[in-house]
Amino acid sequence: MMKRISITAALLSMTACSTAPLNIDRAELADARAAIADAKAAGAEKCAPKLQAEAVASLYWAAHELSETDYHPEENQQLTEDALNKAKAAKKQAKINCAPKPAPKPAPVKQEIIELKGVQFEYNSATLTRTSTAILDAAVETLVKRPDIRVEVAAHTDSTGSADYNQQLSERRAASVMAYLQEHGIDASRLTSKGYGESQPIADNSTEEGRAKNRRVELRVLK
Amino acid sequence: MKLFTLILALVSCSWTANAALLSVDERADAMNAQLQGNNSYHAHLARQLADVASAEKAQHDTAVAKQFIDMAEEEAAKAGGAQ
């Protein structure tokens with residue numbers, strides 16, 4: 001008799017201490033299961049790993065709670081809803097995080113500029129100095145060698161004087177250089193002129209050296 | 001002898017439970033240390049399952065706590081440790 005009681009007690013204690021394997025295939029978990037599978041297909045394990053893990057853990061926990069004999073419907077429903085909602089959130093987050101990034105904008109093509117270093121004008125005038133013509137002759141040669149390009153003759157001033165005056169002066173100087181190029185054989189269809197006044201300084205206008213750099217003419221290649 | 005067997009059988013459940021109760025925290029701590037800095041899906045799932053194990057342990061459901069910490073360790077192994 002004692003032996004039977006011992007065996008029964010041992011079996012009972014083993015049963016009490018063992019746990020049933022988690023059954024996540026229960027009907028109550030169908031929606032959560034589907035949502036988790038959906039999120040996984042959307043890349044949630046890679047792109048929203050924390051949310052997806054929370055969803056899966058909630059599913060396992062709900063599966064356990066549903067298997068218990070002391071049934072807590074509210075707690076079970078809460079865990080099931082947690083799994084469902086986390087999976088939905090994981091899918092949404094995965095779509096954002098895994099969305100292909102837009103192709104980077106191509107780097108702006110740096111405009112080719114043919115500098116006309118040393119081109120100078122009479123003071124407050126658009127008349128070219130003698131020394132400038134040699135430089136412009138070299139520019140003519142360049143343009144002859146490159147018949148496929150069009151250029152904008154761009155003239156700049158320093159900031160001495162009013163902006164309006166400098167604008168007009170730069171326009172006259174640009175037109176003067178363009179006229180020289182035309183007179184020396186460059187077709188007018190390949191040339192435009194524009195004055196930028198004092199709007200695009202490349203050096204400090206508070207020093208004489210800076211102002212000299214800012215007073216300049218350049219050819220901007222338009223292709 | 002028979003009486004000893006009976007007593008042993010009766011206390012075995014609670015003894016096992018106490019052993020598990022002590023080990024769940026230690027195992028969770030070891031696992032968390034191993035996964036430090038690892039933010040992969042398996043690492044997150046391992047932590048979540050370890051949290052469930054702790055919650056179940058707090059409710060004195062040690063067998064379930066052990067089941068969840070076992071699962072957590074399996075996921076931790078898949079996560080590949082610290083990163």
# chains A, B, ... in the order shown; residues from 1 in each chain; ligands from 1
>>> select_by_dssp(residues="region 1-189 of chain A", states="alpha helix (DSSP H)", output="PyMOL selection string")
chain A and resi 2-17+30-41+44-47+49-67+73-97+130-145+163-183
>>> residues_around(residues="region 31-37 of chain A", least_positions_apart="5", cutoff="12 Å", atoms="only C-alpha atoms", output="ChimeraX atom specification")
/A:23-26,42-45,48-49,51-60,62-63,77-92
>>> atom_distance(atom1="CA of Gln200 (chain A)", atom2="CA of Asn214 (chain A)")
8.0 Å
>>> residues_around(residues="Ala30 (chain B)", least_positions_apart="4", cutoff="12 Å", atoms="only C-alpha atoms", output="list of chain:residue names")
B:Ser23, B:Val24, B:Asp25, B:Glu26, B:Gln34, B:Leu35, B:Gln36, B:Ala46, B:Arg47, B:Ala50, B:Ile69, B:Ala72, B:Glu73, B:Ala76, B:Gly81, B:Ala82
>>> write_last_selection(atoms="N, CA and C atoms", output="PDB file, in the first residue's frame")
ATOM      1  N   SER B  23      17.873  29.921 -10.339  1.00  0.00           N
ATOM      2  CA  SER B  23      18.690  29.941 -11.542  1.00  0.00           C
ATOM      3  C   SER B  23      18.142  30.858 -12.644  1.00  0.00           C
ATOM      4  N   VAL B  24      16.853  31.115 -12.648  1.00  0.00           N
ATOM      5  CA  VAL B  24      16.282  31.919 -13.731  1.00  0.00           C
ATOM      6  C   VAL B  24      16.941  33.291 -13.797  1.00  0.00           C
ATOM      7  N   ASP B  25      17.050  33.946 -12.661  1.00  0.00           N
ATOM      8  CA  ASP B  25      17.674  35.268 -12.632  1.00  0.00           C
ATOM      9  C   ASP B  25      19.125  35.216 -13.082  1.00  0.00           C
ATOM     10  N   GLU B  26      19.838  34.227 -12.568  1.00  0.00           N
ATOM     11  CA  GLU B  26      21.256  34.104 -12.933  1.00  0.00           C
ATOM     12  C   GLU B  26      21.420  33.862 -14.429  1.00  0.00           C
ATOM     13  N   GLN B  34      25.753  38.525 -22.214  1.00  0.00           N
ATOM     14  CA  GLN B  34      26.254  37.958 -23.465  1.00  0.00           C
ATOM     15  C   GLN B  34      25.728  38.732 -24.677  1.00  0.00           C
ATOM     16  N   LEU B  35      24.517  39.265 -24.533  1.00  0.00           N
ATOM     17  CA  LEU B  35      23.878  39.940 -25.680  1.00  0.00           C
ATOM     18  C   LEU B  35      24.096  41.453 -25.700  1.00  0.00           C
ATOM     19  N   GLN B  36      24.944  41.917 -24.808  1.00  0.00           N
ATOM     20  CA  GLN B  36      25.139  43.367 -24.720  1.00  0.00           C
ATOM     21  C   GLN B  36      25.498  43.966 -26.085  1.00  0.00           C
ATOM     22  N   ALA B  46      15.225  37.098 -27.374  1.00  0.00           N
ATOM     23  CA  ALA B  46      15.813  36.453 -26.188  1.00  0.00           C
ATOM     24  C   ALA B  46      15.529  37.294 -24.943  1.00  0.00           C
ATOM     25  N   ARG B  47      15.725  38.608 -25.039  1.00  0.00           N
ATOM     26  CA  ARG B  47      15.477  39.486 -23.883  1.00  0.00           C
ATOM     27  C   ARG B  47      13.996  39.471 -23.495  1.00  0.00           C
ATOM     28  N   ALA B  50      13.146  36.302 -21.779  1.00  0.00           N
ATOM     29  CA  ALA B  50      13.717  36.310 -20.422  1.00  0.00           C
ATOM     30  C   ALA B  50      12.848  37.167 -19.500  1.00  0.00           C
ATOM     31  N   ILE B  69      12.913  30.702 -20.008  1.00  0.00           N
ATOM     32  CA  ILE B  69      14.349  31.039 -20.014  1.00  0.00           C
ATOM     33  C   ILE B  69      15.107  30.073 -20.936  1.00  0.00           C
ATOM     34  N   ALA B  72      14.553  31.534 -24.247  1.00  0.00           N
ATOM     35  CA  ALA B  72      15.365  32.754 -24.357  1.00  0.00           C
ATOM     36  C   ALA B  72      16.809  32.393 -24.705  1.00  0.00           C
ATOM     37  N   GLU B  73      17.318  31.378 -24.047  1.00  0.00           N
ATOM     38  CA  GLU B  73      18.713  30.977 -24.302  1.00  0.00           C
ATOM     39  C   GLU B  73      18.892  30.416 -25.716  1.00  0.00           C
ATOM     40  N   ALA B  76      19.079  33.421 -27.809  1.00  0.00           N
ATOM     41  CA  ALA B  76      20.369  34.095 -27.590  1.00  0.00           C
ATOM     42  C   ALA B  76      21.477  33.406 -28.377  1.00  0.00           C
ATOM     43  N   GLY B  81      25.580  36.178 -29.645  1.00  0.00           N
ATOM     44  CA  GLY B  81      26.318  36.841 -28.566  1.00  0.00           C
ATOM     45  C   GLY B  81      26.451  38.336 -28.739  1.00  0.00           C
ATOM     46  N   ALA B  82      27.413  38.886 -27.994  1.00  0.00           N
ATOM     47  CA  ALA B  82      27.580  40.340 -27.967  1.00  0.00           C
ATOM     48  C   ALA B  82      28.065  40.856 -29.306  1.00  0.00           C
TER      49      ALA B  82
END
>>> residues_around(residues="region 122-129 of chain A", least_positions_apart="4", cutoff="8 Å", atoms="only C-alpha atoms", output="number ranges by chain")
A: 133, 169, 172-173, 176-177
>>> atom_distance(atom1="CA of Gln167 (chain A)", atom2="CA of Leu191 (chain A)")
19.5 Å
>>> closest_residue(among="B:Ala58, B:Ser40, B:Ala79, B:Asp51", to="chain A", atoms="only C-alpha atoms")
B:Ser40
>>> closest_residue(among="A:Asn97, A:Ala27, A:Tyr165, A:Cys47", to="chain B", atoms="only C-alpha atoms")
A:Cys47
>>> select_by_dssp(residues="chain A", states="strand (DSSP E or B)", output="list in words")
Ile113, Ile114, Glu115, Phe121, Leu128, Val151, Glu152, Val153, Ala154, Ala155, His156, Leu191, Thr192, Ser193, Lys194, Gly195, Arg216, Val217, Glu218, Leu219, Arg220 and Val221 of chain A
>>> atom_distance(atom1="CA of Lys145 (chain A)", atom2="CA of Lys194 (chain A)")
23.3 Å
>>> residues_around(residues="region 184-186 of chain A", least_positions_apart="6", cutoff="10 Å", atoms="only C-alpha atoms", output="list in words")
Leu136, Asp137, Val140, Glu141, Leu143, Val144, Pro147 and Met178 of chain A
>>> closest_residue(among="A:Asp38, A:Glu171, A:Glu65, A:Glu28", to="chain B", atoms="only C-alpha atoms")
A:Glu65
>>> residues_around(residues="Ala55 (chain B)", least_positions_apart="2", cutoff="12 Å", atoms="only C-alpha atoms", output="list in words")
Trp61 of chain A; Leu21, Val24, Asp25, Ala28, Gln48, Leu49, Ala50, Asp51, Val52, Ala53, Lys57, Ala58, Gln59, His60, Asp61, Thr62, Val64, Ala65, Lys66, Phe68 and Ile69 of chain B
>>> write_last_selection(atoms="N, CA, C and O atoms", output="CSV table (one decimal), in the first residue's frame")
chain,number,residue,atom,x,y,z
A,61,TRP,N,3.7,34.0,-24.9
A,61,TRP,CA,3.1,34.2,-23.6
A,61,TRP,C,1.6,34.0,-23.6
A,61,TRP,O,1.1,33.3,-22.7
B,21,LEU,N,14.0,28.6,-9.4
B,21,LEU,CA,13.7,30.0,-9.0
B,21,LEU,C,15.0,30.7,-8.8
B,21,LEU,O,15.2,31.9,-9.2
B,24,VAL,N,16.9,31.1,-12.6
B,24,VAL,CA,16.3,31.9,-13.7
B,24,VAL,C,16.9,33.3,-13.8
B,24,VAL,O,17.4,33.7,-14.9
B,25,ASP,N,17.1,33.9,-12.7
B,25,ASP,CA,17.7,35.3,-12.6
B,25,ASP,C,19.1,35.2,-13.1
B,25,ASP,O,19.6,36.1,-13.9
B,28,ALA,N,19.3,34.7,-16.8
B,28,ALA,CA,18.9,35.9,-17.5
B,28,ALA,C,20.0,36.9,-17.5
B,28,ALA,O,20.3,37.5,-18.5
B,48,GLN,N,13.1,39.5,-24.5
B,48,GLN,CA,11.7,39.5,-24.2
B,48,GLN,C,11.3,38.2,-23.5
B,48,GLN,O,10.5,38.3,-22.6
B,49,LEU,N,11.8,37.1,-24.0
B,49,LEU,CA,11.4,35.8,-23.4
B,49,LEU,C,12.0,35.7,-22.0
B,49,LEU,O,11.3,35.2,-21.1
B,50,ALA,N,13.1,36.3,-21.8
B,50,ALA,CA,13.7,36.3,-20.4
B,50,ALA,C,12.8,37.2,-19.5
B,50,ALA,O,12.7,36.8,-18.3
B,51,ASP,N,12.3,38.3,-20.0
B,51,ASP,CA,11.4,39.1,-19.2
B,51,ASP,C,10.1,38.3,-18.9
B,51,ASP,O,9.6,38.4,-17.7
B,52,VAL,N,9.6,37.5,-19.8
B,52,VAL,CA,8.4,36.7,-19.5
B,52,VAL,C,8.8,35.7,-18.4
B,52,VAL,O,8.0,35.5,-17.5
B,53,ALA,N,10.0,35.1,-18.6
B,53,ALA,CA,10.4,34.2,-17.5
B,53,ALA,C,10.5,34.8,-16.2
B,53,ALA,O,10.0,34.2,-15.2
B,57,LYS,N,8.3,33.8,-13.0
B,57,LYS,CA,9.0,33.5,-11.7
B,57,LYS,C,8.4,34.3,-10.6
B,57,LYS,O,8.2,33.8,-9.5
B,58,ALA,N,8.1,35.6,-10.9
B,58,ALA,CA,7.5,36.4,-9.8
B,58,ALA,C,6.2,35.9,-9.3
B,58,ALA,O,5.8,36.2,-8.2
B,59,GLN,N,5.5,35.2,-10.3
B,59,GLN,CA,4.2,34.6,-9.9
B,59,GLN,C,4.4,33.2,-9.4
B,59,GLN,O,3.4,32.5,-9.3
B,60,HIS,N,5.6,32.8,-9.1
B,60,HIS,CA,6.0,31.5,-8.5
B,60,HIS,C,5.7,30.4,-9.5
B,60,HIS,O,5.5,29.3,-9.0
B,61,ASP,N,5.5,30.7,-10.8
B,61,ASP,CA,5.3,29.6,-11.8
B,61,ASP,C,6.7,29.3,-12.3
B,61,ASP,O,7.0,29.6,-13.4
B,62,THR,N,7.4,28.5,-11.5
B,62,THR,CA,8.8,28.3,-11.8
B,62,THR,C,9.0,27.4,-13.0
B,62,THR,O,10.0,27.6,-13.8
B,64,VAL,N,7.2,27.2,-15.7
B,64,VAL,CA,7.0,28.0,-16.9
B,64,VAL,C,8.1,29.0,-17.0
B,64,VAL,O,8.6,29.2,-18.1
B,65,ALA,N,8.6,29.6,-15.9
B,65,ALA,CA,9.8,30.5,-16.0
B,65,ALA,C,10.9,29.7,-16.6
B,65,ALA,O,11.7,30.3,-17.4
B,66,LYS,N,11.1,28.5,-16.2
B,66,LYS,CA,12.3,27.7,-16.8
B,66,LYS,C,12.1,27.5,-18.3
B,66,LYS,O,13.0,27.6,-19.1
B,68,PHE,N,10.5,29.4,-20.4
B,68,PHE,CA,10.7,30.6,-21.1
B,68,PHE,C,12.2,31.0,-21.1
B,68,PHE,O,12.7,31.5,-22.1
B,69,ILE,N,12.9,30.7,-20.0
B,69,ILE,CA,14.3,31.0,-20.0
B,69,ILE,C,15.1,30.1,-20.9
B,69,ILE,O,16.1,30.5,-21.6
